[in-house]
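Structure file model-v8.txt; described as compact mmCIF, C-alpha atoms.
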# COMPACT_ATOMS: atom_id res chain seq x y z
CA MET A 108 13.79 33.57 29.95
CA ALA A 109 15.92 33.87 33.01
CA ARG A 110 15.67 36.95 35.12
CA GLY A 111 18.53 39.37 35.09
CA GLY A 112 18.13 40.35 38.68
CA ALA A 113 18.55 38.05 41.60
CA SER A 114 15.89 36.71 43.87
CA GLY A 115 13.04 37.91 45.94
CA ARG A 116 12.66 41.60 45.86
CA SER A 117 9.92 43.38 44.01
CA GLY A 118 11.88 42.49 40.94
CA LEU A 119 9.15 39.87 40.95
CA TRP A 120 6.93 42.26 39.10
CA GLU A 121 9.53 43.08 36.51
CA THR A 122 9.58 39.46 35.45
CA SER A 123 5.90 39.67 34.70
CA ALA A 124 6.77 42.41 32.25
CA SER A 125 8.80 40.02 30.14
CA GLY A 126 6.20 38.38 27.96
CA ALA A 127 8.60 35.50 27.56
CA ALA A 128 7.35 33.72 30.62
CA ALA A 129 5.47 31.59 28.18
CA ILE A 130 4.64 28.74 30.45
CA ALA A 131 3.61 30.90 33.35
CA LEU A 132 1.56 33.35 31.32
CA PRO A 133 -1.37 31.23 30.18
CA ARG A 134 -2.14 30.39 33.71
CA SER A 135 -1.96 33.96 34.81
CA ALA A 136 -4.44 35.23 32.30
CA GLY A 137 -6.90 35.84 35.14
CA PRO A 138 -6.62 38.35 37.92
CA PRO A 139 -2.94 38.97 38.42
CA SER A 140 -2.83 38.79 42.13
CA TYR A 141 -0.91 35.61 42.86
CA PRO A 142 2.82 36.17 42.61
CA TRP A 143 3.85 32.54 42.29
CA TYR A 144 2.11 32.17 38.90
CA ARG A 145 4.43 34.66 37.35
CA THR A 146 7.78 33.54 38.54
CA PRO A 147 9.89 31.96 35.81
CA ALA A 148 12.62 31.13 38.25
CA PRO A 149 15.89 29.58 37.06
CA THR A 150 15.69 26.77 39.53
CA VAL A 151 12.75 25.06 41.06
CA PRO A 152 13.64 25.54 44.73
CA GLU A 153 13.97 29.26 44.21
CA SER A 154 10.51 29.48 42.79
CA LEU A 155 9.15 27.78 45.88
CA LEU A 156 10.89 30.31 48.03
CA LEU A 157 9.35 33.15 46.12
CA SER A 158 5.74 32.49 46.98
CA PRO A 159 5.69 35.06 49.69
CA GLY A 160 3.54 33.52 52.34
CA CYS A 161 0.17 33.36 50.53
CA GLN A 162 -1.41 29.94 50.44
CA PRO A 163 -1.73 28.33 46.95
CA SER A 164 -5.30 27.67 46.04
CA GLN A 165 -4.45 24.81 43.64
CA PRO A 166 -3.14 21.32 44.32
CA VAL A 167 0.57 21.34 44.94
CA MET A 168 1.44 19.15 41.93
CA LEU A 169 -0.11 21.58 39.46
CA GLN A 170 1.67 24.46 41.10
CA HIS A 171 4.99 22.67 40.70
CA LEU A 172 4.25 21.88 37.07
CA SER A 173 3.32 25.41 36.20
CA SER A 174 6.43 26.75 37.83
CA LEU A 175 8.84 24.21 36.29
CA PRO A 176 11.26 26.16 34.20
CA THR A 177 11.35 25.31 30.52
CA GLN A 178 12.82 28.47 29.13
CA MET A 179 16.27 29.04 27.75
CA ASP A 180 17.99 32.30 27.13
CA TYR A 181 18.79 33.44 23.61
CA LYS A 182 22.32 32.17 23.39
CA GLY A 183 21.08 28.90 24.78
CA GLN A 184 18.42 28.66 22.10
CA LYS A 185 21.01 29.21 19.44
CA LEU A 186 23.22 26.56 20.97
CA ALA A 187 20.33 24.11 21.17
CA GLU A 188 19.39 24.69 17.55
CA GLN A 189 22.92 24.24 16.29
CA MET A 190 23.27 21.13 18.37
CA PHE A 191 20.20 19.33 17.13
CA GLN A 192 20.84 20.31 13.55
CA GLY A 193 24.39 19.02 13.81
CA ILE A 194 23.34 15.76 15.43
CA ILE A 195 20.59 15.01 12.94
CA LEU A 196 22.73 15.91 9.92
CA SER A 197 25.62 13.77 11.05
CA SER A 198 23.36 10.82 11.83
CA ALA A 199 21.81 11.26 8.37
CA ILE A 200 25.19 11.12 6.66
CA VAL A 201 26.30 8.10 8.69
CA GLY A 202 22.97 6.40 8.02
CA PHE A 203 23.11 7.07 4.29
CA ILE A 204 26.57 5.59 3.96
CA TYR A 205 25.75 2.59 6.10
CA GLY A 206 22.51 1.89 4.26
CA TYR A 207 24.28 2.12 0.90
CA VAL A 208 27.00 -0.28 1.95
CA ALA A 209 24.65 -2.74 3.65
CA GLU A 210 22.13 -2.45 0.78
CA GLN A 211 19.20 -1.83 3.08
CA PHE A 212 17.40 1.47 3.25
CA GLY A 213 15.82 0.40 6.53
CA TRP A 214 19.12 0.92 8.32
CA THR A 215 19.30 4.50 7.12
CA VAL A 216 15.89 5.18 8.59
CA TYR A 217 16.79 3.53 11.90
CA ILE A 218 20.00 5.53 12.26
CA VAL A 219 18.24 8.81 11.55
CA MET A 220 15.55 7.96 14.09
CA ALA A 221 18.24 7.20 16.65
CA GLY A 222 19.82 10.57 15.94
CA PHE A 223 16.42 12.19 16.37
CA ALA A 224 15.87 10.49 19.74
CA PHE A 225 19.33 11.49 20.95
CA SER A 226 18.88 15.12 19.98
CA CYS A 227 15.44 15.13 21.62
CA LEU A 228 17.09 14.04 24.82
CA LEU A 229 19.79 16.64 24.47
CA THR A 230 17.81 19.73 23.50
CA LEU A 231 14.24 19.39 24.70
CA PRO A 232 14.77 19.56 28.46
CA PRO A 233 16.23 22.90 29.53
CA TRP A 234 19.64 21.82 30.72
CA PRO A 235 21.76 24.37 32.61
CA ILE A 236 24.19 24.82 29.73
CA TYR A 237 21.45 26.67 27.91
CA ARG A 238 21.04 29.16 30.68
CA ARG A 239 24.52 30.52 30.99
CA HIS A 240 23.79 33.92 29.46
CA PRO A 241 20.75 35.33 31.14
CA LEU A 242 19.43 38.69 30.03
CA LYS A 243 20.44 41.72 31.99
CA TRP A 244 17.40 43.69 32.98
CA LEU A 245 17.46 47.34 33.85
CA PRO A 246 17.22 48.09 37.55
CA VAL A 247 13.84 49.01 38.97
CA GLN A 248 12.90 52.64 38.41
CA ASP A 249 12.00 54.49 41.56
CA SER A 250 9.13 56.46 40.15
CA GLY A 251 6.92 56.33 43.19
CA SER A 252 4.85 53.46 41.85
CA GLU A 253 6.08 50.99 44.43
CA ASP A 254 3.43 51.87 46.95
CA LYS A 255 0.58 50.95 44.64
CA LYS A 256 -1.12 47.64 45.27
CA PRO A 257 0.29 44.85 43.11
CA GLY A 258 -3.10 44.12 41.53
CA GLU A 259 -3.35 47.52 39.97
CA ARG A 260 -0.08 47.44 38.15
CA LYS A 261 -0.29 47.25 34.37
CA ILE A 262 1.20 44.27 32.62
CA LYS A 263 3.84 45.31 30.15
CA ARG A 264 4.68 43.00 27.25
CA HIS A 265 7.85 43.16 25.25
CA ALA A 266 7.19 42.98 21.52
CA LYS A 267 10.13 40.74 20.74
CA ASN A 268 8.99 38.02 23.11
CA ASN A 269 5.65 37.46 21.47
CA MET B 230 12.51 28.02 20.53
CA ASN B 231 11.50 29.20 23.90
CA THR B 232 9.15 26.47 25.03
CA VAL B 233 9.52 22.72 24.89
CA LEU B 234 6.77 22.43 22.30
CA SER B 235 8.39 24.96 20.03
CA ARG B 236 11.72 23.18 20.17
CA ALA B 237 10.06 19.82 19.61
CA ASN B 238 8.24 21.22 16.59
CA SER B 239 11.41 22.61 15.10
CA LEU B 240 13.34 19.39 15.71
CA PHE B 241 10.68 17.15 14.20
CA ALA B 242 10.25 19.28 11.10
CA PHE B 243 13.99 19.32 10.55
CA SER B 244 14.19 15.54 10.90
CA LEU B 245 11.43 15.06 8.35
CA SER B 246 13.14 17.35 5.86
CA VAL B 247 16.40 15.49 6.30
CA MET B 248 14.59 12.18 5.83
CA ALA B 249 13.01 13.43 2.61
CA ALA B 250 16.42 14.47 1.30
CA LEU B 251 17.84 11.03 2.15
CA THR B 252 15.01 9.30 0.32
CA PHE B 253 15.69 11.42 -2.74
CA GLY B 254 19.35 10.50 -2.46
CA CYS B 255 18.39 6.83 -2.34
CA PHE B 256 16.36 7.27 -5.52
CA ILE B 257 19.12 9.14 -7.35
CA THR B 258 21.77 6.53 -6.67
CA THR B 259 19.76 3.84 -8.45
CA ALA B 260 17.72 5.74 -11.00
CA PHE B 261 19.87 5.02 -14.05
CA LYS B 262 20.73 1.43 -13.41
CA ASP B 263 20.10 -1.17 -16.08
CA ARG B 264 17.78 -3.79 -14.67
CA SER B 265 17.86 -6.40 -17.38
CA VAL B 266 19.45 -9.81 -16.92
CA PRO B 267 19.76 -12.78 -19.28
CA VAL B 268 16.97 -15.34 -19.03
CA ARG B 269 16.84 -18.88 -20.41
CA LEU B 270 13.43 -20.23 -21.33
CA HIS B 271 12.58 -23.65 -22.62
CA VAL B 272 9.26 -25.19 -23.60
CA SER B 273 8.87 -28.90 -23.08
CA ARG B 274 5.30 -29.65 -24.09
CA ILE B 275 2.48 -27.99 -25.97
CA MET B 276 -1.07 -29.21 -26.26
CA LEU B 277 -3.90 -27.56 -28.12
CA LYS B 278 -7.63 -27.90 -27.59
CA ASN B 279 -10.67 -26.33 -29.12
CA VAL B 280 -13.20 -25.57 -26.45
CA GLU B 281 -16.06 -23.24 -25.80
CA ASP B 282 -14.92 -20.09 -24.11
CA PHE B 283 -17.55 -19.39 -21.45
CA THR B 284 -16.32 -15.88 -20.82
CA GLY B 285 -17.03 -14.72 -24.34
CA PRO B 286 -19.34 -15.41 -27.26
CA ARG B 287 -20.39 -19.05 -27.55
CA GLU B 288 -18.03 -20.11 -30.26
CA ARG B 289 -15.25 -22.55 -29.96
CA SER B 290 -11.83 -20.99 -29.36
CA ASP B 291 -8.35 -22.38 -29.18
CA LEU B 292 -6.96 -23.17 -25.75
CA GLY B 293 -3.27 -23.88 -25.41
CA PHE B 294 -1.46 -25.75 -22.63
CA ILE B 295 2.25 -25.14 -22.30
CA THR B 296 4.79 -26.69 -19.95
CA PHE B 297 7.94 -24.62 -19.61
CA ASP B 298 11.24 -24.17 -17.79
CA ILE B 299 12.79 -20.90 -16.62
CA THR B 300 16.38 -20.29 -15.60
CA ALA B 301 17.38 -16.80 -14.45
CA ASP B 302 19.66 -15.17 -11.92
CA LEU B 303 18.01 -12.02 -10.58
CA GLU B 304 20.58 -11.21 -7.93
CA ASN B 305 22.06 -8.17 -9.64
CA ILE B 306 18.72 -6.43 -9.84
CA PHE B 307 18.25 -6.24 -6.09
CA ASP B 308 19.88 -3.25 -4.40
CA TRP B 309 18.91 -1.01 -1.52
CA ASN B 310 16.14 0.64 -3.46
CA VAL B 311 14.29 -2.48 -4.60
CA LYS B 312 11.46 -3.83 -2.52
CA GLN B 313 10.23 -6.66 -4.73
CA LEU B 314 10.03 -7.85 -8.33
CA PHE B 315 6.88 -8.81 -10.15
CA LEU B 316 7.78 -11.34 -12.87
CA TYR B 317 5.45 -12.44 -15.61
CA LEU B 318 5.72 -14.73 -18.59
CA SER B 319 3.91 -13.53 -21.68
CA ALA B 320 3.26 -15.09 -25.06
CA GLU B 321 3.21 -13.02 -28.23
CA TYR B 322 1.91 -14.08 -31.60
CA SER B 323 -0.01 -12.79 -34.57
CA THR B 324 -3.11 -14.22 -36.20
CA LYS B 325 -5.19 -13.30 -39.20
CA ASN B 326 -7.68 -11.54 -36.91
CA ASN B 327 -5.13 -9.49 -34.96
CA ALA B 328 -1.69 -8.29 -35.85
CA LEU B 329 -0.41 -8.69 -32.32
CA ASN B 330 -1.71 -10.74 -29.43
CA GLN B 331 -0.10 -10.76 -26.00
CA VAL B 332 -1.23 -13.14 -23.28
CA VAL B 333 0.15 -13.40 -19.75
CA LEU B 334 0.57 -17.04 -18.84
CA TRP B 335 2.24 -17.05 -15.45
CA ASP B 336 3.49 -14.60 -12.82
CA LYS B 337 5.40 -14.55 -9.57
CA ILE B 338 6.36 -12.06 -6.90
CA VAL B 339 9.97 -12.20 -5.70
CA LEU B 340 10.52 -10.26 -2.47
CA ARG B 341 13.88 -8.95 -1.40
CA GLY B 342 15.38 -11.66 0.74
CA ASP B 343 13.85 -14.52 -1.26
CA ASN B 344 16.16 -16.71 -3.27
CA PRO B 345 16.95 -14.66 -6.36
CA LYS B 346 18.09 -17.56 -8.50
CA LEU B 347 15.16 -18.92 -10.44
CA LEU B 348 15.42 -22.57 -11.46
CA LEU B 349 11.92 -23.64 -12.38
CA ARG B 350 11.31 -26.90 -14.21
CA ASP B 351 8.15 -28.26 -15.79
CA MET B 352 5.95 -25.36 -14.74
CA LYS B 353 2.34 -25.28 -15.79
CA THR B 354 0.78 -21.99 -16.77
CA LYS B 355 -1.28 -20.18 -14.15
CA TYR B 356 -3.73 -18.59 -16.53
CA PHE B 357 -5.64 -19.92 -19.50
CA PHE B 358 -4.07 -19.43 -22.89
CA PHE B 359 -7.21 -18.64 -24.85
CA ASP B 360 -7.21 -17.18 -28.30
CA ASP B 361 -10.17 -15.21 -29.58
CA GLY B 362 -10.87 -17.49 -32.47
CA ASN B 363 -8.82 -20.26 -33.91
CA GLY B 364 -5.53 -18.51 -34.41
CA LEU B 365 -3.33 -20.87 -32.41
CA LYS B 366 -3.83 -23.92 -34.58
CA GLY B 367 -0.85 -24.31 -36.77
CA ASN B 368 0.65 -21.00 -35.71
CA ARG B 369 4.27 -20.97 -36.75
CA ASN B 370 5.64 -18.51 -34.27
CA VAL B 371 4.54 -18.03 -30.67
CA THR B 372 7.20 -16.18 -28.66
CA LEU B 373 7.48 -16.48 -24.92
CA THR B 374 9.34 -13.79 -22.94
CA LEU B 375 9.89 -13.18 -19.25
CA SER B 376 9.50 -9.55 -18.10
CA TRP B 377 9.40 -7.91 -14.74
CA ASN B 378 8.31 -4.83 -12.89
CA VAL B 379 10.81 -3.47 -10.36
CA VAL B 380 9.00 -2.10 -7.29
CA PRO B 381 11.35 0.42 -5.60
CA ASN B 382 11.43 1.99 -2.16
CA ALA B 383 11.55 5.44 -3.69
CA GLY B 384 11.16 6.47 -7.30
CA ILE B 385 9.96 5.18 -10.65
CA LEU B 386 8.73 1.63 -11.36
CA PRO B 387 10.53 0.41 -14.47
CA LEU B 388 9.17 -2.38 -16.65
CA VAL B 389 12.04 -4.46 -17.94
CA THR B 390 12.15 -7.33 -20.41
CA GLY B 391 14.61 -10.10 -19.84
CA SER B 392 17.11 -10.69 -22.59
CA GLY B 393 16.17 -14.12 -23.78
CA HIS B 394 13.09 -15.56 -25.38
CA VAL B 395 11.92 -18.72 -27.04
CA SER B 396 9.71 -19.14 -30.09
CA VAL B 397 7.72 -22.28 -30.59
CA PRO B 398 5.33 -23.44 -33.29
CA PHE B 399 1.97 -24.72 -32.22
CA PRO B 400 0.63 -28.08 -33.32
CA ASP B 401 -1.72 -28.43 -36.27
CA THR B 402 -4.26 -30.67 -34.66
CA TYR B 403 -6.43 -30.58 -31.64
CA GLU B 404 -6.23 -33.11 -28.88
CA ILE B 405 -9.34 -35.06 -28.21
CA THR B 406 -10.41 -35.34 -24.59
CA LYS B 407 -12.04 -38.53 -23.54
CA SER B 408 -14.48 -38.49 -20.68
CA TYR B 409 -15.30 -41.73 -18.92

Have the structure of the file written as structure tokens, please.
Amino acid sequence: MARGGASGRSGLWETSASGAAAIALPRSAGPPSYPWYRTPAPTVPESLLLSPGCQPSQPVMLQHLSSLPTQMDYKGQKLAEQMFQGIILSSAIVGFIYGYVAEQFGWTVYIVMAGFAFSCLLTLPPWPIYRRHPLKWLPVQDSGSEDKKPGERKIKRHAKNN
Amino acid sequence: MNTVLSRANSLFAFSLSVMAALTFGCFITTAFKDRSVPVRLHVSRIMLKNVEDFTGPRERSDLGFITFDITADLENIFDWNVKQLFLYLSAEYSTKNNALNQVVLWDKIVLRGDNPKLLLRDMKTKYFFFDDGNGLKGNRNVTLTLSWNVVPNAGILPLVTGSGHVSVPFPDTYEITKSY
């Protein structure tokens, strides 16, 4: 889920409120005091920028992996689903006709598997076309809670992202 | 559809459902096809012996030896839903002990891709042609037919009889074997 706001303010903590940071969340099940665990940034370099000066206590590779973005926004998910369904259905029709004409069912299976591989390539990695409609979050409420320590803030979870 | 795993799950399940639908389509396009072809059989030699059947009670039973020819063109049976054919030659006759006897004498597996035109000459039977008793001696009418089982990729396995058979009478006397 892409963040509605821009980069590095204390909008950092609002992203933790979106339960849709599904990759970041399992790692942050412990004490919520390291900001870089929670950042589902749209691009990798931005997420590196957002670790505000604290040293990571894990090896760097694992930190990169856990902050790699794999989320899409909702319109992107719909686009991805339509795309893979369309690709697999069309490869199934082509495969059926070709197998019938060539009198070998094996060709039908191969063509459908090729369609499956192609749609894997096209929809599994989170390409940028699936992130063109990020959600617009409400601006931060100034209710005097900004001077609390980050560790004491409650974690809000949105029901629809579970 | 938010994580990679969830998308991969959805994609894979959809592919499997589509594959199942295609397999059903493959079955439906060939389910009502007639799989019988004309077959020409010819018997060139029959010999009859009376031997002890060691697999049964210790009485002497009739044992027949047949040499036959088969001519058949199986090409029209093979389509995209046929994996292989299991052919077998069976003999049918009636005796005073049993109204109907059926004995399989020879079989063959024809895979898709093998030569579908059968031109077999002077074939010996693969299996013993024993009768339970002495019903083959002087039997007027022993009918040989070629049948096959069609093994499909998807669907039902039909058992089809070829359209062509040959009836032969068996000799009245036994052959005597000489051992030296």

Correct to one decimal, the distance CA of Gly384 in chain B-CA of Trp309 in chain B is 12.2 Å

I want to know what sits within 7 Å of Lys278 in chain B, based on only C-alpha atoms, with residues of the same chain fewer than 4 positions away left out; could you give that as a ChimeraX atom specification? /B:291-293,403-404

As an mmCIF file with C-alpha atoms, in the coordinates of the input, could you give me every residue of chain B near chain A (at most 10 Å apart, counting all atoms listed in the file)?
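Below is the file result06.cif, written as the result:
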data_model
loop_
_atom_site.group_PDB
_atom_site.id
_atom_site.type_symbol
_atom_site.label_atom_id
_atom_site.label_comp_id
_atom_site.auth_asym_id
_atom_site.auth_seq_id
_atom_site.Cartn_x
_atom_site.Cartn_y
_atom_site.Cartn_z
ATOM 1 C CA MET B 230 12.510 28.020 20.530
ATOM 2 C CA ASN B 231 11.500 29.200 23.900
ATOM 3 C CA THR B 232 9.150 26.470 25.030
ATOM 4 C CA VAL B 233 9.520 22.720 24.890
ATOM 5 C CA LEU B 234 6.770 22.430 22.300
ATOM 6 C CA SER B 235 8.390 24.960 20.030
ATOM 7 C CA ARG B 236 11.720 23.180 20.170
ATOM 8 C CA ALA B 237 10.060 19.820 19.610
ATOM 9 C CA SER B 239 11.410 22.610 15.100
ATOM 10 C CA LEU B 240 13.340 19.390 15.710
ATOM 11 C CA PHE B 241 10.680 17.150 14.200
ATOM 12 C CA PHE B 243 13.990 19.320 10.550
ATOM 13 C CA SER B 244 14.190 15.540 10.900
ATOM 14 C CA LEU B 245 11.430 15.060 8.350
ATOM 15 C CA VAL B 247 16.400 15.490 6.300
ATOM 16 C CA MET B 248 14.590 12.180 5.830
ATOM 17 C CA ALA B 250 16.420 14.470 1.300
ATOM 18 C CA LEU B 251 17.840 11.030 2.150
ATOM 19 C CA THR B 252 15.010 9.300 0.320
ATOM 20 C CA GLY B 254 19.350 10.500 -2.460
ATOM 21 C CA CYS B 255 18.390 6.830 -2.340
ATOM 22 C CA THR B 258 21.770 6.530 -6.670
ATOM 23 C CA PHE B 307 18.250 -6.240 -6.090
ATOM 24 C CA ASP B 308 19.880 -3.250 -4.400
ATOM 25 C CA TRP B 309 18.910 -1.010 -1.520
ATOM 26 C CA ASN B 310 16.140 0.640 -3.460
ATOM 27 C CA VAL B 311 14.290 -2.480 -4.600
ATOM 28 C CA LYS B 312 11.460 -3.830 -2.520
ATOM 29 C CA ARG B 341 13.880 -8.950 -1.400
ATOM 30 C CA ASN B 382 11.430 1.990 -2.160
ATOM 31 C CA ALA B 383 11.550 5.440 -3.690
#

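Using only C-alpha atoms, the shortest contact distance between Lys262 in chain B and any of B:Lys366, B:Asn327, B:Phe358, B:Ile306 is found at B:Ile306.
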
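Nearest residue to Phe357 in chain B, choosing from B:Val397, B:Val380, B:Leu386, B:Val332 and counting all atoms listed in the file: B:Val332.
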
Nearest to Val379 in chain B, chosen from B:Ala328, B:Ile405, B:Leu340, B:Ile295, with only C-alpha atoms counted in the distances: B:Leu340
